[in-house]
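Next comes work.pdb, a file with PDB, C-alpha atoms.
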ATOM      1  CA  MET A   3     -19.771 -19.559  -3.010  1.00  0.00           C
ATOM      2  CA  LEU A   4     -17.647 -22.112  -1.189  1.00  0.00           C
ATOM      3  CA  VAL A   5     -15.440 -22.490  -4.256  1.00  0.00           C
ATOM      4  CA  LEU A   6     -14.912 -18.712  -4.355  1.00  0.00           C
ATOM      5  CA  ARG A   7     -13.816 -18.676  -0.724  1.00  0.00           C
ATOM      6  CA  ILE A   8     -11.372 -21.521  -1.190  1.00  0.00           C
ATOM      7  CA  LEU A   9     -10.035 -20.000  -4.407  1.00  0.00           C
ATOM      8  CA  ALA A  10      -9.520 -16.620  -2.720  1.00  0.00           C
ATOM      9  CA  ILE A  11      -7.621 -18.191   0.177  1.00  0.00           C
ATOM     10  CA  LEU A  12      -5.411 -20.289  -2.122  1.00  0.00           C
ATOM     11  CA  LEU A  13      -4.730 -17.406  -4.494  1.00  0.00           C
ATOM     12  CA  GLY A  14      -3.903 -15.121  -1.566  1.00  0.00           C
ATOM     13  CA  LEU A  15      -1.507 -17.697  -0.133  1.00  0.00           C
ATOM     14  CA  ALA A  16       0.169 -18.204  -3.502  1.00  0.00           C
ATOM     15  CA  PHE A  17       0.697 -14.482  -4.111  1.00  0.00           C
ATOM     16  CA  THR A  18       1.909 -13.954  -0.541  1.00  0.00           C
ATOM     17  CA  LEU A  19       4.399 -16.807  -0.735  1.00  0.00           C
ATOM     18  CA  PHE A  20       5.756 -15.751  -4.124  1.00  0.00           C
ATOM     19  CA  GLY A  21       6.052 -12.154  -2.942  1.00  0.00           C
ATOM     20  CA  HIS A  22       7.825 -13.289   0.222  1.00  0.00           C
ATOM     21  CA  PHE A  23      10.283 -15.445  -1.690  1.00  0.00           C
ATOM     22  CA  ILE A  24      11.037 -12.697  -4.206  1.00  0.00           C
ATOM     23  CA  TYR A  25      11.238  -9.723  -1.841  1.00  0.00           C
ATOM     24  CA  PHE A  26      12.666 -11.158   1.368  1.00  0.00           C
ATOM     25  CA  ARG A  27      14.587 -14.247   0.217  1.00  0.00           C
ATOM     26  CA  LYS A  28      15.794 -12.706  -3.071  1.00  0.00           C
ATOM     27  CA  LYS A  29      14.741 -15.626  -5.280  1.00  0.00           C
ATOM     28  CA  TYR A  30      14.614 -13.526  -8.414  1.00  0.00           C
ATOM     29  CA  ASN A  31      14.435 -16.592 -10.635  1.00  0.00           C
ATOM     30  CA  LEU A  32      10.701 -16.713  -9.842  1.00  0.00           C
ATOM     31  CA  ILE A  33      10.237 -13.683 -12.114  1.00  0.00           C
ATOM     32  CA  ASN A  34       9.970 -14.782 -15.739  1.00  0.00           C
ATOM     33  CA  GLY A  35      13.005 -13.757 -17.761  1.00  0.00           C
ATOM     34  CA  PHE A  36      14.502 -11.625 -15.014  1.00  0.00           C
ATOM     35  CA  GLU A  37      17.920 -13.254 -14.945  1.00  0.00           C
ATOM     36  CA  ALA A  38      18.457 -12.769 -18.689  1.00  0.00           C
ATOM     37  CA  ASP A  39      17.222  -9.166 -18.519  1.00  0.00           C
ATOM     38  CA  PHE A  40      19.375  -8.520 -15.456  1.00  0.00           C
ATOM     39  CA  LYS A  41      22.486  -9.777 -17.229  1.00  0.00           C
ATOM     40  CA  ALA A  42      21.629  -7.654 -20.269  1.00  0.00           C
ATOM     41  CA  GLY A  43      21.189  -4.583 -18.065  1.00  0.00           C
ATOM     42  CA  ARG A  44      17.513  -4.018 -18.892  1.00  0.00           C
ATOM     43  CA  LYS A  45      16.263  -4.658 -15.354  1.00  0.00           C
ATOM     44  CA  ASN A  46      17.858  -4.170 -11.961  1.00  0.00           C
ATOM     45  CA  GLU A  47      17.380  -5.432  -8.429  1.00  0.00           C
ATOM     46  CA  ASP A  48      15.001  -2.563  -7.579  1.00  0.00           C
ATOM     47  CA  TYR A  49      12.609  -3.847 -10.248  1.00  0.00           C
ATOM     48  CA  ALA A  50      12.619  -7.308  -8.669  1.00  0.00           C
ATOM     49  CA  LYS A  51      12.017  -5.860  -5.212  1.00  0.00           C
ATOM     50  CA  ARG A  52       9.056  -3.833  -6.525  1.00  0.00           C
ATOM     51  CA  VAL A  53       7.576  -6.920  -8.171  1.00  0.00           C
ATOM     52  CA  GLY A  54       8.018  -8.904  -4.955  1.00  0.00           C
ATOM     53  CA  MET A  55       6.423  -6.206  -2.804  1.00  0.00           C
ATOM     54  CA  VAL A  56       3.472  -5.807  -5.168  1.00  0.00           C
ATOM     55  CA  GLU A  57       2.836  -9.548  -5.150  1.00  0.00           C
ATOM     56  CA  TYR A  58       3.174  -9.652  -1.370  1.00  0.00           C
ATOM     57  CA  VAL A  59       0.694  -6.817  -0.812  1.00  0.00           C
ATOM     58  CA  ILE A  60      -1.801  -8.168  -3.349  1.00  0.00           C
ATOM     59  CA  GLY A  61      -1.541 -11.601  -1.753  1.00  0.00           C
ATOM     60  CA  ILE A  62      -2.251 -10.233   1.703  1.00  0.00           C
ATOM     61  CA  ALA A  63      -5.225  -8.243   0.381  1.00  0.00           C
ATOM     62  CA  ILE A  64      -6.729 -11.288  -1.358  1.00  0.00           C
ATOM     63  CA  LEU A  65      -6.074 -13.436   1.703  1.00  0.00           C
ATOM     64  CA  ILE A  66      -7.860 -10.947   3.968  1.00  0.00           C
ATOM     65  CA  ALA A  67     -10.742 -10.720   1.503  1.00  0.00           C
ATOM     66  CA  GLY A  68     -11.029 -14.514   1.522  1.00  0.00           C
ATOM     67  CA  LEU A  69     -11.050 -14.602   5.324  1.00  0.00           C
ATOM     68  CA  ILE A  70     -13.720 -11.905   5.419  1.00  0.00           C
ATOM     69  CA  LEU A  71     -15.792 -13.946   2.986  1.00  0.00           C
ATOM     70  CA  ILE A  72     -15.488 -16.958   5.263  1.00  0.00           C
ATOM     71  CA  ILE A  73     -16.402 -15.002   8.396  1.00  0.00           C
ATOM     72  CA  PHE A  74     -19.266 -12.859   7.132  1.00  0.00           C
ATOM     73  CA  ALA A  75     -20.767 -14.885   4.301  1.00  0.00           C
TER      74      ALA A  75
END
Whole structure, structure tokens version:
Amino acid sequence: MLVLRILAILLGLAFTLFGHFIYFRKKYNLINGFEADFKAGRKNEDYAKRVGMVEYVIGIAILIAGLILIIFA
């Protein structure tokens, strides 16, 4: 169970950091193949912002779940 708690915290931190870098700092190169698709016109900046926000929200949810596991388990 300890491994699950640590894994949840680390995974939550990773998703939160990647989401933060993509959404707020506009580091779109963290999205696989985005730059090539952006240049080709297949994807736009709104797509990258959605991906960043989804990762950010999922990361926060997993991080909270990991903290709840630590507190109540």
Evaluate the PyMOL selection byres ((chain A and resi 61) around 8) against this structure - the residues, as a PyMOL selection string, please. chain A and resi 13-19+21+57-60+62-65
Using only C-alpha atoms, find all polymer residues with an atom at most 12 Å away from the point (-23.4, -18.6, -3.3); report them as a PyMOL selection string. chain A and resi 3-7+71-72+75
Picked residues, the PyMOL selection byres ((chain A and resi 50) around 8), as a short mmCIF file (atom, residue, chain, number, x, y, z; two decimals) with C-alpha atoms, in the coordinates of the input:
data_model
loop_
_atom_site.label_atom_id
_atom_site.label_comp_id
_atom_site.auth_asym_id
_atom_site.auth_seq_id
_atom_site.Cartn_x
_atom_site.Cartn_y
_atom_site.Cartn_z
CA ILE A 24 11.04 -12.70 -4.21
CA TYR A 25 11.24 -9.72 -1.84
CA TYR A 30 14.61 -13.53 -8.41
CA ILE A 33 10.24 -13.68 -12.11
CA PHE A 36 14.50 -11.62 -15.01
CA ASN A 46 17.86 -4.17 -11.96
CA GLU A 47 17.38 -5.43 -8.43
CA ASP A 48 15.00 -2.56 -7.58
CA TYR A 49 12.61 -3.85 -10.25
CA LYS A 51 12.02 -5.86 -5.21
CA ARG A 52 9.06 -3.83 -6.52
CA VAL A 53 7.58 -6.92 -8.17
CA GLY A 54 8.02 -8.90 -4.96
#
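With only C-alpha atoms as the atoms that count, the residue of A:Met55, A:Ile8, A:Ala67, A:Phe74 with the shortest distance to A:Lys28 is A:Met55.
The interatomic distance for the pair atom CA of A:Phe40 and atom CA of A:Phe20 works out to 19.1 Å.
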One-decimal distance in Å that lies between atom CA of A:Ile70 and atom CA of A:Arg27: 28.9 Å
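Pairwise distance (atom CA of A:Gly43, atom CA of A:His22) equals 24.3 Å.
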Would you mind writing stretch 32-52 of chain A with N, CA and C atoms, as a compact mmCIF listing (two decimals), in the frame of the given file?
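The resulting result25.txt:
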# COMPACT_ATOMS: atom_id res chain seq x y z
N LEU A 32 12.14 -16.52 -9.77
CA LEU A 32 10.70 -16.71 -9.84
C LEU A 32 10.04 -15.71 -10.78
N ILE A 33 10.75 -14.67 -11.16
CA ILE A 33 10.24 -13.68 -12.11
C ILE A 33 10.66 -14.14 -13.51
N ASN A 34 9.69 -14.28 -14.39
CA ASN A 34 9.97 -14.78 -15.74
C ASN A 34 10.94 -13.88 -16.48
N GLY A 35 12.04 -14.46 -16.93
CA GLY A 35 13.00 -13.76 -17.76
C GLY A 35 13.84 -12.72 -17.05
N PHE A 36 13.78 -12.67 -15.73
CA PHE A 36 14.50 -11.62 -15.01
C PHE A 36 16.01 -11.81 -15.11
N GLU A 37 16.47 -13.03 -14.96
CA GLU A 37 17.92 -13.25 -14.94
C GLU A 37 18.56 -12.84 -16.27
N ALA A 38 17.92 -13.16 -17.38
CA ALA A 38 18.46 -12.77 -18.69
C ALA A 38 18.42 -11.25 -18.85
N ASP A 39 17.32 -10.62 -18.43
CA ASP A 39 17.22 -9.17 -18.52
C ASP A 39 18.19 -8.48 -17.56
N PHE A 40 18.44 -9.08 -16.42
CA PHE A 40 19.38 -8.52 -15.46
C PHE A 40 20.80 -8.54 -16.02
N LYS A 41 21.15 -9.66 -16.64
CA LYS A 41 22.49 -9.78 -17.23
C LYS A 41 22.66 -8.82 -18.40
N ALA A 42 21.57 -8.57 -19.12
CA ALA A 42 21.63 -7.65 -20.27
C ALA A 42 21.55 -6.20 -19.83
N GLY A 43 21.24 -5.95 -18.57
CA GLY A 43 21.19 -4.58 -18.07
C GLY A 43 19.85 -3.89 -18.25
N ARG A 44 18.84 -4.63 -18.68
CA ARG A 44 17.51 -4.02 -18.89
C ARG A 44 16.73 -3.85 -17.60
N LYS A 45 16.97 -4.73 -16.64
CA LYS A 45 16.26 -4.66 -15.35
C LYS A 45 17.29 -4.74 -14.24
N ASN A 46 16.94 -4.15 -13.09
CA ASN A 46 17.86 -4.17 -11.96
C ASN A 46 17.18 -4.78 -10.74
N GLU A 47 17.90 -4.81 -9.64
CA GLU A 47 17.38 -5.43 -8.43
C GLU A 47 16.19 -4.66 -7.85
N ASP A 48 16.14 -3.36 -8.06
CA ASP A 48 15.00 -2.56 -7.58
C ASP A 48 13.70 -3.01 -8.25
N TYR A 49 13.78 -3.35 -9.53
CA TYR A 49 12.61 -3.85 -10.25
C TYR A 49 12.11 -5.13 -9.59
N ALA A 50 13.00 -6.04 -9.29
CA ALA A 50 12.62 -7.31 -8.67
C ALA A 50 12.01 -7.09 -7.29
N LYS A 51 12.57 -6.15 -6.54
CA LYS A 51 12.02 -5.86 -5.21
C LYS A 51 10.61 -5.26 -5.32
N ARG A 52 10.40 -4.39 -6.32
CA ARG A 52 9.06 -3.83 -6.52
C ARG A 52 8.06 -4.92 -6.88
